[in-house]
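Okay, protein.tsv now, which holds TSV, C-alpha atoms:
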chain	number	residue	atom	x	y	z
A	40	MET	CA	0.00	0.00	0.00
A	41	PHE	CA	1.36	3.39	-1.01
A	42	SER	CA	0.66	5.16	2.29
A	43	SER	CA	2.38	2.46	4.33
A	44	SER	CA	5.40	2.71	2.04
A	45	LEU	CA	5.62	6.45	2.66
A	46	ILE	CA	5.38	5.88	6.41
A	47	CYS	CA	8.28	3.42	6.14
A	48	LEU	CA	10.23	6.25	4.49
A	49	CYS	CA	9.74	8.40	7.62
A	50	PHE	CA	6.70	10.33	6.37
A	51	VAL	CA	3.80	11.12	8.68
A	52	ALA	CA	0.18	11.32	7.57
A	53	SER	CA	-1.23	14.81	8.02
A	54	ASN	CA	-3.98	15.35	10.57
A	55	TYR	CA	-5.40	18.27	8.58
A	56	GLY	CA	-4.77	17.54	4.90
A	57	PHE	CA	-6.51	14.62	3.20
A	58	ALA	CA	-3.97	12.24	1.54
A	59	MET	CA	-1.05	14.48	2.51
A	60	PHE	CA	2.19	13.14	3.98
A	61	ILE	CA	4.96	15.19	5.58
A	62	ARG	CA	8.59	14.49	6.35
A	63	LYS	CA	10.46	17.03	8.46
A	64	ILE	CA	14.18	16.56	9.02
A	65	ILE	CA	17.09	18.90	9.76
A	66	VAL	CA	17.96	19.59	6.12
A	67	GLY	CA	14.40	20.42	5.08
A	68	HIS	CA	10.77	19.47	4.56
A	69	ILE	CA	9.09	17.30	1.93
A	70	VAL	CA	5.33	17.17	1.40
A	71	VAL	CA	3.62	14.52	-0.74
A	72	LEU	CA	0.07	15.12	-1.97
A	73	LEU	CA	-1.89	12.21	-3.43
A	74	TYR	CA	-4.98	12.08	-5.61
A	75	VAL	CA	-5.87	8.54	-6.78
A	76	ASP	CA	-2.80	7.66	-8.89
A	77	ASP	CA	-1.48	11.21	-9.32
A	78	MET	CA	1.04	12.75	-6.95
A	79	ILE	CA	2.71	16.11	-6.26
A	80	VAL	CA	6.00	16.26	-4.36
A	81	ILE	CA	7.11	19.63	-2.97
A	82	GLY	CA	9.65	20.81	-0.43
A	83	ASP	CA	12.97	22.52	0.23
A	84	ASP	CA	15.01	19.31	0.61
A	85	GLU	CA	16.08	18.91	-3.03
A	86	VAL	CA	18.42	15.98	-2.39
A	87	GLY	CA	15.71	14.27	-0.34
A	88	ILE	CA	13.19	14.68	-3.17
A	89	VAL	CA	15.57	13.03	-5.66
A	90	ASP	CA	16.16	10.15	-3.22
A	91	LEU	CA	12.41	9.82	-2.61
A	92	LYS	CA	11.70	9.51	-6.33
A	93	GLN	CA	14.33	6.79	-6.66
A	94	GLN	CA	12.96	4.88	-3.68
A	95	LEU	CA	9.38	5.07	-4.99
A	96	HIS	CA	10.51	3.99	-8.46
A	97	SER	CA	12.02	0.86	-6.90
A	98	LEU	CA	8.71	0.05	-5.20
A	99	PHE	CA	6.10	1.10	-7.79
A	100	GLU	CA	5.75	1.55	-11.52
A	101	MET	CA	5.83	5.33	-11.79
A	102	LYS	CA	6.51	8.08	-14.31
A	103	ASP	CA	8.24	11.35	-13.34
A	104	LEU	CA	6.62	14.19	-15.32
A	105	GLY	CA	9.09	16.79	-14.09
A	106	TYR	CA	8.14	20.23	-12.81
A	107	LEU	CA	4.43	20.69	-12.18
A	108	ARG	CA	2.73	22.15	-15.26
A	109	TYR	CA	-0.70	20.54	-15.34
A	110	PHE	CA	-2.67	18.71	-12.65
A	111	LEU	CA	-6.30	17.60	-12.74
A	112	GLY	CA	-7.25	20.23	-15.30
A	113	ILE	CA	-5.34	23.00	-13.53
A	114	GLU	CA	-2.52	24.70	-15.43
A	115	VAL	CA	0.48	25.83	-13.36
A	116	ALA	CA	2.78	28.56	-14.69
A	117	TYR	CA	5.84	30.12	-13.09
A	118	SER	CA	7.07	33.70	-13.11
A	119	SER	CA	9.26	35.94	-10.99
A	120	GLU	CA	6.09	36.90	-9.11
A	121	GLY	CA	5.17	33.36	-8.10
A	122	TYR	CA	2.91	30.50	-9.23
A	123	ILE	CA	-0.09	31.22	-11.45
A	124	LEU	CA	-2.99	28.74	-11.47
A	125	SER	CA	-5.45	28.80	-14.38
A	126	GLN	CA	-7.88	26.58	-16.30
A	127	SER	CA	-8.03	28.11	-19.77
A	128	LYS	CA	-8.23	24.81	-21.66
A	129	TYR	CA	-10.88	23.57	-19.24
A	130	ILE	CA	-12.92	26.76	-19.83
A	131	SER	CA	-12.71	26.28	-23.59
A	132	ASP	CA	-13.97	22.71	-23.22
A	133	VAL	CA	-16.90	23.80	-21.03
A	134	ILE	CA	-17.94	26.48	-23.53
A	135	SER	CA	-17.85	23.92	-26.34
A	136	ARG	CA	-19.86	21.42	-24.28
A	137	ALA	CA	-22.51	24.06	-23.63
A	138	GLY	CA	-22.96	24.62	-27.37
A	139	LEU	CA	-22.32	28.38	-27.11
A	140	THR	CA	-21.88	29.42	-30.75
A	141	ASP	CA	-22.03	33.23	-30.61
A	142	ASP	CA	-19.00	35.43	-29.86
A	143	ARG	CA	-20.53	37.71	-27.22
A	144	ILE	CA	-18.52	38.66	-24.12
A	145	MET	CA	-19.89	39.87	-20.78
A	146	ASP	CA	-18.15	42.27	-18.38
A	147	SER	CA	-19.45	40.49	-15.27
A	148	PRO	CA	-20.78	36.97	-14.65
A	149	ILE	CA	-24.25	37.99	-13.43
A	150	GLU	CA	-26.65	40.87	-13.80
A	151	LEU	CA	-26.90	43.39	-10.98
A	152	ASN	CA	-29.84	42.75	-8.62
A	153	HIS	CA	-30.62	39.45	-10.32
A	154	ARG	CA	-33.83	37.77	-9.19
A	155	LEU	CA	-33.68	34.12	-10.17
A	156	SER	CA	-36.46	31.97	-8.78
A	157	SER	CA	-37.55	28.34	-9.11
A	158	THR	CA	-40.76	29.28	-10.96
A	159	ASP	CA	-39.77	31.91	-13.57
A	160	GLY	CA	-39.31	30.75	-17.16
A	161	GLU	CA	-40.10	27.52	-18.96
A	162	LEU	CA	-38.74	24.15	-17.87
A	163	LEU	CA	-35.68	23.10	-19.87
A	164	SER	CA	-36.07	20.15	-22.19
A	165	ASP	CA	-32.40	19.17	-21.74
A	166	VAL	CA	-31.74	19.13	-18.01
A	167	THR	CA	-28.66	16.92	-18.44
A	168	ARG	CA	-26.70	19.61	-20.27
A	169	TYR	CA	-27.56	22.16	-17.59
A	170	ARG	CA	-26.34	19.86	-14.82
A	171	GLU	CA	-23.16	18.92	-16.69
A	172	VAL	CA	-22.23	22.54	-17.40
A	173	VAL	CA	-23.02	23.74	-13.88
A	174	GLY	CA	-21.07	20.84	-12.42
A	175	SER	CA	-18.11	21.82	-14.60
A	176	LEU	CA	-18.41	25.42	-13.41
A	177	VAL	CA	-18.31	24.24	-9.80
A	178	TYR	CA	-14.92	22.63	-10.48
A	179	LEU	CA	-13.75	25.81	-12.23
A	180	THR	CA	-14.18	27.81	-9.02
A	181	ILE	CA	-10.97	26.12	-7.83
A	182	THR	CA	-9.01	28.82	-9.67
A	183	ARG	CA	-11.74	31.37	-10.47
A	184	PRO	CA	-13.06	32.99	-7.28
A	185	ASP	CA	-14.76	35.65	-9.42
A	186	ILE	CA	-17.52	33.22	-10.48
A	187	THR	CA	-17.97	31.54	-7.08
A	188	TYR	CA	-21.07	33.49	-6.06
A	189	VAL	CA	-22.97	33.14	-9.34
A	190	VAL	CA	-22.12	29.42	-9.64
A	191	HIS	CA	-23.50	29.04	-6.12
A	192	VAL	CA	-26.71	30.69	-7.37
A	193	VAL	CA	-27.25	28.62	-10.54
A	194	SER	CA	-26.36	25.38	-8.72
A	195	GLN	CA	-29.50	25.75	-6.61
A	196	PHE	CA	-31.73	25.08	-9.65
A	197	ALA	CA	-30.05	21.88	-10.91
A	198	SER	CA	-33.03	19.68	-9.99
A	199	THR	CA	-35.56	21.55	-12.18
A	200	PRO	CA	-33.70	24.11	-14.30
A	201	ARG	CA	-35.63	26.64	-16.35
A	202	THR	CA	-34.85	28.92	-19.27
A	203	THR	CA	-34.02	31.85	-16.98
A	204	HIS	CA	-31.45	29.73	-15.16
A	205	TRP	CA	-29.84	28.64	-18.43
A	206	THR	CA	-29.65	32.28	-19.49
A	207	ALA	CA	-27.72	32.99	-16.27
A	208	VAL	CA	-25.35	30.09	-17.05
A	209	LEU	CA	-24.73	31.50	-20.54
A	210	CYS	CA	-23.89	34.85	-18.96
A	211	ILE	CA	-21.20	33.11	-16.87
A	212	LEU	CA	-19.79	31.41	-19.95
A	213	ARG	CA	-19.65	34.66	-21.92
A	214	PHE	CA	-17.83	36.30	-19.03
A	215	LEU	CA	-15.37	33.40	-18.91
A	216	ARG	CA	-14.80	33.62	-22.66
A	217	GLY	CA	-13.49	37.16	-22.20
A	218	THR	CA	-11.34	36.23	-19.19
A	219	MET	CA	-10.29	32.74	-20.27
A	220	HIS	CA	-6.59	33.26	-19.56
A	221	HIS	CA	-6.94	34.92	-16.16
A	222	GLY	CA	-5.06	33.11	-13.42
A	223	LEU	CA	-4.80	33.10	-9.65
A	224	LEU	CA	-1.40	34.29	-8.40
A	225	LEU	CA	0.25	32.65	-5.41
A	226	SER	CA	2.91	35.24	-4.70
A	227	SER	CA	6.52	34.24	-4.11
A	228	THR	CA	6.99	37.31	-1.89
A	229	SER	CA	3.92	36.68	0.25
A	230	ASP	CA	4.45	36.28	3.99
A	231	LEU	CA	2.86	33.36	5.85
A	232	VAL	CA	0.38	35.29	7.99
A	233	LEU	CA	-3.30	34.33	7.80
A	234	ILE	CA	-6.01	36.95	7.26
A	235	GLY	CA	-9.73	36.25	7.07
A	236	ASN	CA	-12.68	38.22	5.66
A	237	SER	CA	-16.23	37.25	6.59
A	238	ASP	CA	-19.47	38.59	5.12
A	239	ALA	CA	-23.14	37.71	4.64
A	240	ASP	CA	-26.09	38.96	2.59
A	241	TRP	CA	-29.20	39.09	4.76
A	242	VAL	CA	-32.23	37.21	3.30
A	243	GLY	CA	-30.56	37.31	-0.10
A	244	ASP	CA	-32.65	34.41	-1.39
A	245	LEU	CA	-36.18	35.62	-2.13
A	246	THR	CA	-37.59	32.08	-2.20
A	247	ASP	CA	-36.68	30.81	1.26
A	248	ARG	CA	-35.38	34.08	2.84
A	249	LYS	CA	-32.08	32.51	3.82
A	250	SER	CA	-28.86	34.49	3.87
A	251	THR	CA	-25.65	33.79	1.97
A	252	THR	CA	-22.31	33.35	3.74
A	253	GLY	CA	-19.19	34.48	1.94
A	254	TYR	CA	-15.58	34.39	3.04
A	255	CYS	CA	-12.10	34.70	1.63
A	256	ILE	CA	-8.84	33.83	3.37
A	257	PHE	CA	-5.39	35.12	2.49
A	258	LEU	CA	-1.95	33.84	3.36
A	259	GLY	CA	-0.10	37.13	3.22
A	260	ASN	CA	-1.32	38.61	-0.06
A	261	SER	CA	-2.17	35.25	-1.67
A	262	LEU	CA	-5.79	34.09	-1.76
A	263	VAL	CA	-5.90	30.50	-0.46
A	264	ALA	CA	-9.58	29.81	0.33
A	265	TRP	CA	-13.00	31.25	-0.48
A	266	LYS	CA	-16.63	30.19	-0.35
A	267	SER	CA	-20.17	31.26	-1.14
A	268	LYS	CA	-22.86	29.19	0.57
A	269	LYS	CA	-26.47	29.58	1.64
A	270	GLN	CA	-27.01	29.43	5.40
A	271	SER	CA	-29.01	26.50	6.72
A	272	VAL	CA	-31.54	28.55	8.72
A	273	VAL	CA	-33.35	31.86	8.36
A	274	SER	CA	-31.69	34.62	10.38
A	275	ARG	CA	-33.76	37.18	12.23
A	276	SER	CA	-31.34	40.10	11.97
A	277	PHE	CA	-28.21	41.47	10.28
A	278	ALA	CA	-26.25	40.64	13.42
A	279	GLU	CA	-27.39	37.03	13.50
A	280	GLU	CA	-26.67	36.26	9.83
A	281	GLU	CA	-23.27	37.93	10.08
A	282	TYR	CA	-22.48	36.01	13.28
A	283	ARG	CA	-23.33	32.73	11.57
A	284	ALA	CA	-21.03	33.67	8.69
A	285	MET	CA	-18.27	34.47	11.17
A	286	ALA	CA	-18.61	31.00	12.71
A	287	THR	CA	-18.16	29.37	9.28
A	288	THR	CA	-15.13	31.55	8.51
A	289	ALA	CA	-13.61	30.97	11.95
A	290	THR	CA	-13.82	27.20	11.46
A	291	GLU	CA	-11.81	27.48	8.25
A	292	LEU	CA	-9.27	29.84	9.83
A	293	ILE	CA	-8.64	27.54	12.79
A	294	TRP	CA	-8.14	24.62	10.39
A	295	PHE	CA	-5.60	26.66	8.43
A	296	ARG	CA	-3.77	27.65	11.62
A	297	ARG	CA	-3.42	23.99	12.61
A	298	LEU	CA	-2.35	22.93	9.12
A	299	LEU	CA	0.33	25.63	8.95
A	300	GLU	CA	1.61	24.65	12.38
A	301	GLU	CA	1.83	21.03	11.24
A	302	LEU	CA	3.83	22.15	8.20
A	303	GLY	CA	6.24	24.06	10.43
A	304	PHE	CA	4.80	27.57	10.02
A	305	PRO	CA	2.90	28.34	13.25
A	306	GLN	CA	0.94	31.56	13.46
A	307	LEU	CA	2.70	33.57	16.16
A	308	SER	CA	-0.18	35.96	16.79
A	309	ALA	CA	-3.98	35.92	16.65
A	310	THR	CA	-5.50	35.76	13.17
A	311	PRO	CA	-7.59	38.81	12.19
A	312	MET	CA	-11.06	38.07	10.82
A	313	PHE	CA	-12.53	41.21	9.29
A	314	CYS	CA	-16.26	41.81	9.65
A	315	ASP	CA	-18.36	44.83	8.64
A	316	ILE	CA	-21.16	44.51	11.22
A	317	GLN	CA	-20.23	45.94	14.62
A	318	SER	CA	-23.12	44.26	16.44
A	319	ALA	CA	-21.94	40.79	15.33
A	320	ILE	CA	-18.43	41.59	16.57
A	321	GLN	CA	-19.82	42.63	19.94
A	322	ILE	CA	-21.82	39.40	20.24
A	323	ALA	CA	-18.60	37.43	19.76
A	324	LYS	CA	-16.72	39.51	22.32
A	325	ASN	CA	-19.44	39.71	24.96
A	326	ARG	CA	-19.90	36.80	27.37
A	327	VAL	CA	-23.48	37.89	28.16
A	328	PHE	CA	-26.22	36.19	26.10
A	329	HIS	CA	-28.68	38.89	25.12
A	330	GLU	CA	-32.37	38.08	24.84
A	331	CYS	CA	-32.35	38.41	21.05
A	332	MET	CA	-29.49	35.90	20.70
A	333	LYS	CA	-30.77	33.05	22.91
A	334	HIS	CA	-32.06	31.06	19.95
A	335	ILE	CA	-28.68	30.84	18.19
A	336	GLU	CA	-27.06	27.43	18.27
A	337	ILE	CA	-24.09	26.88	20.54
A	338	ASP	CA	-21.80	26.02	17.63
A	339	CYS	CA	-22.08	29.61	16.40
A	340	HIS	CA	-20.31	30.68	19.60
A	341	PHE	CA	-17.22	28.92	18.28
A	342	VAL	CA	-16.10	32.45	17.31
A	343	ARG	CA	-16.31	33.68	20.89
A	344	HIS	CA	-14.34	30.68	22.16
A	345	HIS	CA	-11.42	31.33	19.84
A	346	TYR	CA	-11.58	35.09	20.37
A	347	LEU	CA	-11.26	34.60	24.13
A	348	GLN	CA	-8.59	31.95	23.60
A	349	GLY	CA	-6.51	34.41	21.56
A	350	SER	CA	-6.60	32.53	18.25
A	351	LEU	CA	-8.67	35.21	16.51
A	352	THR	CA	-9.06	38.97	16.57
A	353	LEU	CA	-12.21	40.65	15.24
A	354	PRO	CA	-11.34	43.96	13.57
A	355	HIS	CA	-14.13	45.97	11.98
A	356	VAL	CA	-13.93	46.88	8.30
A	357	PHE	CA	-16.24	49.24	6.41
A	358	SER	CA	-18.61	47.50	4.00
A	359	THR	CA	-17.02	49.31	1.05
A	360	SER	CA	-13.71	47.62	1.88
A	361	GLN	CA	-15.06	44.14	2.67
A	362	LEU	CA	-13.45	41.82	0.10
A	363	ALA	CA	-15.76	38.92	0.97
A	364	ASP	CA	-18.68	41.00	-0.33
A	365	VAL	CA	-18.02	39.61	-3.82
A	366	PHE	CA	-19.00	36.14	-2.56
A	367	THR	CA	-22.45	37.15	-1.24
A	368	LYS	CA	-24.19	39.21	-3.91
A	369	SER	CA	-24.04	40.73	-7.40
A	370	HIS	CA	-22.37	44.12	-7.97
A	371	THR	CA	-22.06	46.85	-10.52
A	372	THR	CA	-19.35	46.11	-13.07
A	373	PRO	CA	-16.86	48.68	-11.65
A	374	ARG	CA	-17.40	47.44	-8.08
A	375	PHE	CA	-17.08	43.81	-9.19
A	376	HIS	CA	-13.79	44.41	-10.98
A	377	HIS	CA	-12.46	46.43	-8.05
A	378	LEU	CA	-13.12	43.57	-5.62
A	379	ILE	CA	-11.71	40.93	-7.95
A	380	SER	CA	-8.52	42.95	-8.44
A	381	LYS	CA	-7.87	42.56	-4.70
A	382	LEU	CA	-8.05	38.75	-4.94
A	383	MET	CA	-4.82	38.39	-6.96
A	384	LEU	CA	-6.72	37.15	-10.01
A	385	LEU	CA	-4.52	38.37	-12.87
A	386	ALA	CA	-5.10	38.98	-16.56
A	387	PRO	CA	-2.32	37.76	-18.88
A	388	SER	CA	0.38	40.38	-19.37
Spit out the file's structure as structure tokens when you get a sec.
Amino acid sequence: MFSSSLICLCFVASNYGFAMFIRKIIVGHIVVLLYVDDMIVIGDDEVGIVDLKQQLHSLFEMKDLGYLRYFLGIEVAYSSEGYILSQSKYISDVISRAGLTDDRIMDSPIELNHRLSSTDGELLSDVTRYREVVGSLVYLTITRPDITYVVHVVSQFASTPRTTHWTAVLCILRFLRGTMHHGLLLSSTSDLVLIGNSDADWVGDLTDRKSTTGYCIFLGNSLVAWKSKKQSVVSRSFAEEEYRAMATTATELIWFRRLLEELGFPQLSATPMFCDIQSAIQIAKNRVFHECMKHIEIDCHFVRHHYLQGSLTLPHVFSTSQLADVFTKSHTTPRFHHLISKLMLLAPS
């Protein structure tokens, strides 16, 4: 078994990364990442990496493809600025699969103040194509945070898609056509300090009145995690929906802190999690349970626990500067492009 062979070579299975193995010795670190029969080997122990390859070759039938250029549909490029992740070929394939024959290009992936519902428009005759294209777009969000929110929206109608939903999907594809070669930069000059941004859009869904949680997490100036997801319950106030979003973001931040510590890069100070609702921040800081907050589940107070423990700080940020806002709602084209420019998503030079 491959994992047992790695353990025999002094690797340790990660507690926080699925199918990740780490070897830390005096001369350097090596990290092995597995996905089925594909593998990435990274680290600063160059001699150890060469030895590892030779040892694995003696145990398994393997092919060394050299420096990482392409992995699971993700293209990896190198520059003096760092690593650039993109999926241009994948985007081209998705557009072809969707049967998009015109040459129109959109400036943003969704219309401002969109109002998609489960009843507007005619039922699609080909639901399979809708599901295949939307599923492909979900995978594309690995390197394209700019479409995360709108893909979250159109995914909600996969069971019974209608013509209005397909129109929204085509809008995403036309936006991608014009930004096909954009890539996510992981900066080589970035420090290793975590920063979180948490946001929510109160009752953003007109059908069930649930709010949308959005967050983005940076390691220095490199975007490393982001999400747009509908909350599981209806919130009764701005403070409550923002507090629930903070709990989701805090969970991800604590996981990242533990993973970085395991890799040998502990966070030496509390991680800031920026929020734009002062009342939600005060709920997290205040030990007293106010009358209006008694109904909130205990797990939401995860934020307070880690604030008091010193793992997190809760600085306030004005809504106009909240980067996670792009993961909770649609925006004007200038506002959308301003937010995306802060996420290190680069156009080809």
(message) Just to confirm, what's the straight-line distance from CA of Ala278 (chain A) to CA of Ser237 (chain A) in Å (one decimal)?
(response) 12.6 Å
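Going from CA of Ile186 (chain A) to CA of Met285 (chain A) covers 21.7 Å.
Each of A:Leu258, A:Ser119, A:Thr158, A:Gly87 was compared to Leu299 (chain A) using all atoms listed in the file, and A:Leu258 turns out to be the nearest.
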(message) So that I can check the surroundings of region 248-254 of chain A, please list as a ChimeraX atom specification every protein, DNA and RNA residue that reaches within 9 Å of it, counting all atoms listed in the file and ignoring chain neighbours fewer than 6 positions away.
(response) /A:188,235-242,264-274,280-281,283-285,287-288,362-368
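The two atoms in question, CA of His377 (chain A) and CA of Cys210 (chain A), are spaced 19.6 Å apart.
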(message) So that I can see what lies close to Tyr109 (chain A), please list as a PyMOL selection string the residues with an atom at most 12 Å from it, counting only C-alpha atoms and leaving out residues fewer than 4 positions away in the same chain.
(response) chain A and resi 77-79+104-105+113-117+123-129
(request) With a distance cut-off of 9 Å and only C-alpha atoms, select the neighbouring residues of Glu120 (chain A), excluding the residue or stretch itself and same-chain residues fewer than 5 positions from it, and output the selection as a ChimeraX atom specification. (result) /A:224-228
Save the residues we just selected, C-alpha atoms, as a compact mmCIF listing (two decimals), keeping the file's coordinate frame?
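Dumped everything to again29.txt:
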# COMPACT_ATOMS: atom_id res chain seq x y z
CA LEU A 224 -1.40 34.29 -8.40
CA LEU A 225 0.25 32.65 -5.41
CA SER A 226 2.91 35.24 -4.70
CA SER A 227 6.52 34.24 -4.11
CA THR A 228 6.99 37.31 -1.89
So which residues touch Leu231 (chain A) within 10 Å, counting all atoms listed in the file, skipping near sequence neighbours fewer than 5 positions away, as a PDB file with C-alpha atoms, in the frame of the given file?
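Ended up saving to part_5.pdb:
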ATOM      1  CA  PHE A 257      -5.390  35.120   2.490  1.00  0.00           C
ATOM      2  CA  LEU A 258      -1.950  33.840   3.360  1.00  0.00           C
ATOM      3  CA  GLY A 259      -0.100  37.130   3.220  1.00  0.00           C
ATOM      4  CA  ASN A 260      -1.320  38.610  -0.060  1.00  0.00           C
ATOM      5  CA  SER A 261      -2.170  35.250  -1.670  1.00  0.00           C
ATOM      6  CA  LEU A 299       0.330  25.630   8.950  1.00  0.00           C
ATOM      7  CA  PHE A 304       4.800  27.570  10.020  1.00  0.00           C
ATOM      8  CA  PRO A 305       2.900  28.340  13.250  1.00  0.00           C
ATOM      9  CA  GLN A 306       0.940  31.560  13.460  1.00  0.00           C
TER      10      GLN A 306
END
(message) Nearest residue to Glu161 (chain A) out of A:Gly174, A:Pro200, A:Gly222, A:Gly121, using all atoms listed in the file?
(response) A:Pro200
(request) May I ask which of the residues A:Leu302, A:Met312, A:Asp142, A:Ile234 is the closest one to Arg62 (chain A), counting only C-alpha atoms? (result) A:Leu302
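Each of A:Val133, A:Met145, A:Val80, A:Val71 was compared to Arg170 (chain A) using only C-alpha atoms, and A:Val133 turns out to be the nearest.
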Find the residues around Thr140 (chain A) up to 12 Å (all atoms listed in the file counted), leave out those fewer than 6 positions away in its own chain, and share them as an mmCIF file with C-alpha atoms, keeping the file's coordinate frame.
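Produced file part12.cif, reproduced below:
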data_model
loop_
_atom_site.group_PDB
_atom_site.id
_atom_site.type_symbol
_atom_site.label_atom_id
_atom_site.label_comp_id
_atom_site.auth_asym_id
_atom_site.auth_seq_id
_atom_site.Cartn_x
_atom_site.Cartn_y
_atom_site.Cartn_z
ATOM 1 C CA ILE A 134 -17.940 26.480 -23.530
ATOM 2 C CA LEU A 209 -24.730 31.500 -20.540
ATOM 3 C CA LEU A 212 -19.790 31.410 -19.950
ATOM 4 C CA ARG A 213 -19.650 34.660 -21.920
ATOM 5 C CA ARG A 216 -14.800 33.620 -22.660
#
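Shortest separation to Leu382 (chain A) among A:Cys255, A:Thr310, A:Ala323, A:Ser318 occurs at residue A:Cys255, atoms counted being only C-alpha atoms.
Using only C-alpha atoms, the smallest distance between any of A:Val263, A:Ser198, A:Ser276, A:Arg296 and Thr182 (chain A) comes from A:Val263.
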Working from the structure I just supplied, which lacks atoms in region 253-259 of chain A, can you model all heavy atoms there and output them as a short mmCIF file (atom, residue, chain, number, x, y, z; two decimals), keeping the file's coordinate frame?
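Generated file (selection_39.cif):
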data_model
loop_
_atom_site.label_atom_id
_atom_site.label_comp_id
_atom_site.auth_asym_id
_atom_site.auth_seq_id
_atom_site.Cartn_x
_atom_site.Cartn_y
_atom_site.Cartn_z
N GLY A 253 -20.33 34.38 2.84
CA GLY A 253 -19.19 34.48 1.94
C GLY A 253 -17.93 34.74 2.75
O GLY A 253 -17.97 35.50 3.72
N TYR A 254 -16.85 34.08 2.38
CA TYR A 254 -15.58 34.39 3.04
C TYR A 254 -14.44 34.24 2.06
O TYR A 254 -14.55 33.56 1.03
CB TYR A 254 -15.36 33.53 4.28
CG TYR A 254 -15.10 32.06 4.07
CD1 TYR A 254 -13.91 31.59 3.51
CD2 TYR A 254 -16.03 31.11 4.48
CE1 TYR A 254 -13.67 30.23 3.34
CE2 TYR A 254 -15.80 29.75 4.32
CZ TYR A 254 -14.62 29.32 3.74
OH TYR A 254 -14.38 27.99 3.58
N CYS A 255 -13.34 34.91 2.37
CA CYS A 255 -12.10 34.70 1.63
C CYS A 255 -10.95 34.80 2.63
O CYS A 255 -10.99 35.60 3.57
CB CYS A 255 -11.93 35.70 0.49
SG CYS A 255 -12.07 37.44 0.94
N ILE A 256 -9.97 33.95 2.44
CA ILE A 256 -8.84 33.83 3.37
C ILE A 256 -7.54 34.00 2.58
O ILE A 256 -7.36 33.39 1.53
CB ILE A 256 -8.87 32.48 4.10
CG1 ILE A 256 -10.12 32.41 4.99
CG2 ILE A 256 -7.60 32.28 4.93
CD1 ILE A 256 -10.34 31.05 5.63
N PHE A 257 -6.68 34.85 3.12
CA PHE A 257 -5.39 35.12 2.49
C PHE A 257 -4.26 34.60 3.36
O PHE A 257 -4.34 34.62 4.60
CB PHE A 257 -5.19 36.63 2.30
CG PHE A 257 -6.11 37.25 1.29
CD1 PHE A 257 -7.41 37.61 1.62
CD2 PHE A 257 -5.67 37.50 -0.01
CE1 PHE A 257 -8.25 38.19 0.69
CE2 PHE A 257 -6.50 38.07 -0.95
CZ PHE A 257 -7.80 38.42 -0.60
N LEU A 258 -3.21 34.13 2.70
CA LEU A 258 -1.95 33.84 3.36
C LEU A 258 -1.00 34.92 2.87
O LEU A 258 -0.51 34.85 1.74
CB LEU A 258 -1.45 32.45 3.01
CG LEU A 258 -0.27 31.91 3.82
CD1 LEU A 258 -0.61 31.85 5.31
CD2 LEU A 258 0.15 30.54 3.32
N GLY A 259 -0.79 35.93 3.70
CA GLY A 259 -0.10 37.13 3.22
C GLY A 259 -0.99 37.81 2.21
O GLY A 259 -2.14 38.16 2.50
#
